[in-house]
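*Asks:* The structure is given below, and queries will be raised subsequently.
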Amino acid sequence: MTLDPIFANVDRYIGGLFVEEDEALTGVENSLVDAGMPQISVTPTEGKLLHLLARLRGATKILEVGTLGAYSTIWMARALPALGRMISIEADAAYARVARANLERAGVQDRVTVRVGRGLDVLPEIVEEGLGPFDMTFIDADKPPYVEYFAWALRLSRPGTLIVADNVIREGAVLDPDTSDQMVAGARRFNAALAAEKRVSAVVLQTVGAKGHDGMALAVVL
């Protein structure tokens, strides 16, 4: 799908007005290139949005599923108070090493623990260890198990917890009920489950910008 360049240009315009990226944040994208990792971090504007959501929520404990190079992690960690803590789960040990280096460069390594392992293996451990509930959870990982990630996020929540999930529109491909794309099918399953879940009040917002057409889900636990 080819988007009108105005969307990327407007994204850059917004970023120029409201987003300040320091060397630690720009260094994350460079580290992805150097390590041969996928360049699929949230955009600077979306990073700032996550930062603001964490501050609006007054979050002191944040959970993230999907670290990659820790770009979104840094934005959210910087919203935490001095004694705030964050756990980020990354399935790939090599990615986790890059992420930890980026967190140290950003000066937030004391607030963030990167747990290595499949999300569906690590999340039960976090429950068993009594590390919840969390004030905010950000899901940005492999799409097929998004429904299961959401279920665990609910178990690790309390009333008022904010759950955010990225990449849930997939360039509009979620409109196709017969899709064979497992990433799209996972997003469709998640959106349906979110809409049916009575324990949250939720909405999905379309996003369009420098990285294309997608969407972000936001849910507050009731």
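Ligands are numbered from 1 in the order shown, residues from 1 within each chain, and chains are lettered A, B, ... in the order they appear in the structure tokens.
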I need the residues in range 81-222 of chain A that are strand (DSSP E) according to DSSP; give them as JSON, numbers by chain.
*Replies:* {"A": [85, 86, 87, 88, 89, 90, 112, 113, 114, 115, 116, 136, 137, 138, 139, 162, 163, 164, 165, 166, 200, 201, 202, 203, 204, 205, 206, 207, 208, 209, 212, 213, 214, 215, 216, 217, 218, 219, 220, 221]}
*Asks:* From the DSSP assignment of the backbone, select every residue of range 14-89 of chain A that is helix (DSSP H, G or I), and format the answer as a PyMOL selection string.
*Replies:* chain A and resi 14-18+23-35+44-57+71-77
*Asks:* Would you mind listing what lies within 8 Å of range 158-171 of chain A as an mmCIF file with C-alpha atoms, in the first residue's frame, with only C-alpha atoms counted and same-chain residues fewer than 4 positions away left out?
*Replies:*
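Result written to selection_38.cif:
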data_model
loop_
_atom_site.group_PDB
_atom_site.id
_atom_site.type_symbol
_atom_site.label_atom_id
_atom_site.label_comp_id
_atom_site.auth_asym_id
_atom_site.auth_seq_id
_atom_site.Cartn_x
_atom_site.Cartn_y
_atom_site.Cartn_z
ATOM 1 C CA MET A 1 0.000 0.000 0.000
ATOM 2 C CA ARG A 57 -1.968 7.551 34.287
ATOM 3 C CA PRO A 133 -0.491 -5.301 39.276
ATOM 4 C CA PHE A 134 0.833 -2.790 36.761
ATOM 5 C CA ASP A 135 -0.497 0.713 36.132
ATOM 6 C CA MET A 136 0.149 0.480 32.394
ATOM 7 C CA THR A 137 0.869 -2.334 29.929
ATOM 8 C CA PHE A 138 2.098 -1.830 26.362
ATOM 9 C CA ILE A 139 1.753 -4.769 23.952
ATOM 10 C CA ASP A 140 3.907 -4.494 20.826
ATOM 11 C CA ALA A 153 -2.276 -8.185 30.890
ATOM 12 C CA LEU A 154 -5.739 -8.285 32.465
ATOM 13 C CA VAL A 184 -3.546 -9.791 10.413
ATOM 14 C CA ALA A 187 -4.911 -8.460 15.138
ATOM 15 C CA ARG A 188 -8.489 -9.312 14.110
ATOM 16 C CA PHE A 190 -7.456 -9.265 19.412
ATOM 17 C CA ASN A 191 -9.776 -6.481 18.249
ATOM 18 C CA VAL A 204 -8.996 1.559 18.590
ATOM 19 C CA GLN A 206 -6.254 4.540 13.300
ATOM 20 C CA GLY A 212 2.353 3.804 7.217
ATOM 21 C CA HIS A 213 -1.264 3.043 8.097
ATOM 22 C CA ASP A 214 -1.986 1.114 11.283
ATOM 23 C CA GLY A 215 -3.781 1.508 14.584
ATOM 24 C CA MET A 216 -3.387 1.558 18.343
ATOM 25 C CA ALA A 217 -5.823 0.132 20.893
ATOM 26 C CA LEU A 218 -6.358 1.746 24.287
ATOM 27 C CA ALA A 219 -8.275 0.103 27.129
ATOM 28 C CA VAL A 220 -8.905 1.101 30.734
ATOM 29 C CA VAL A 221 -9.636 -1.665 33.214
ATOM 30 C CA LEU A 222 -12.933 -1.010 34.996
#
*Asks:* Tell me which of A:Val98, A:Val127, A:Leu63, A:Val108 sits closest to Ala82 in chain A, counting only C-alpha atoms.
*Replies:* A:Val108
*Asks:* Record the distance separating CA of Asp4 in chain A and CA of Val208 in chain A, expressed in Å with one decimal.
*Replies:*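 It comes out at 10.2 Å.
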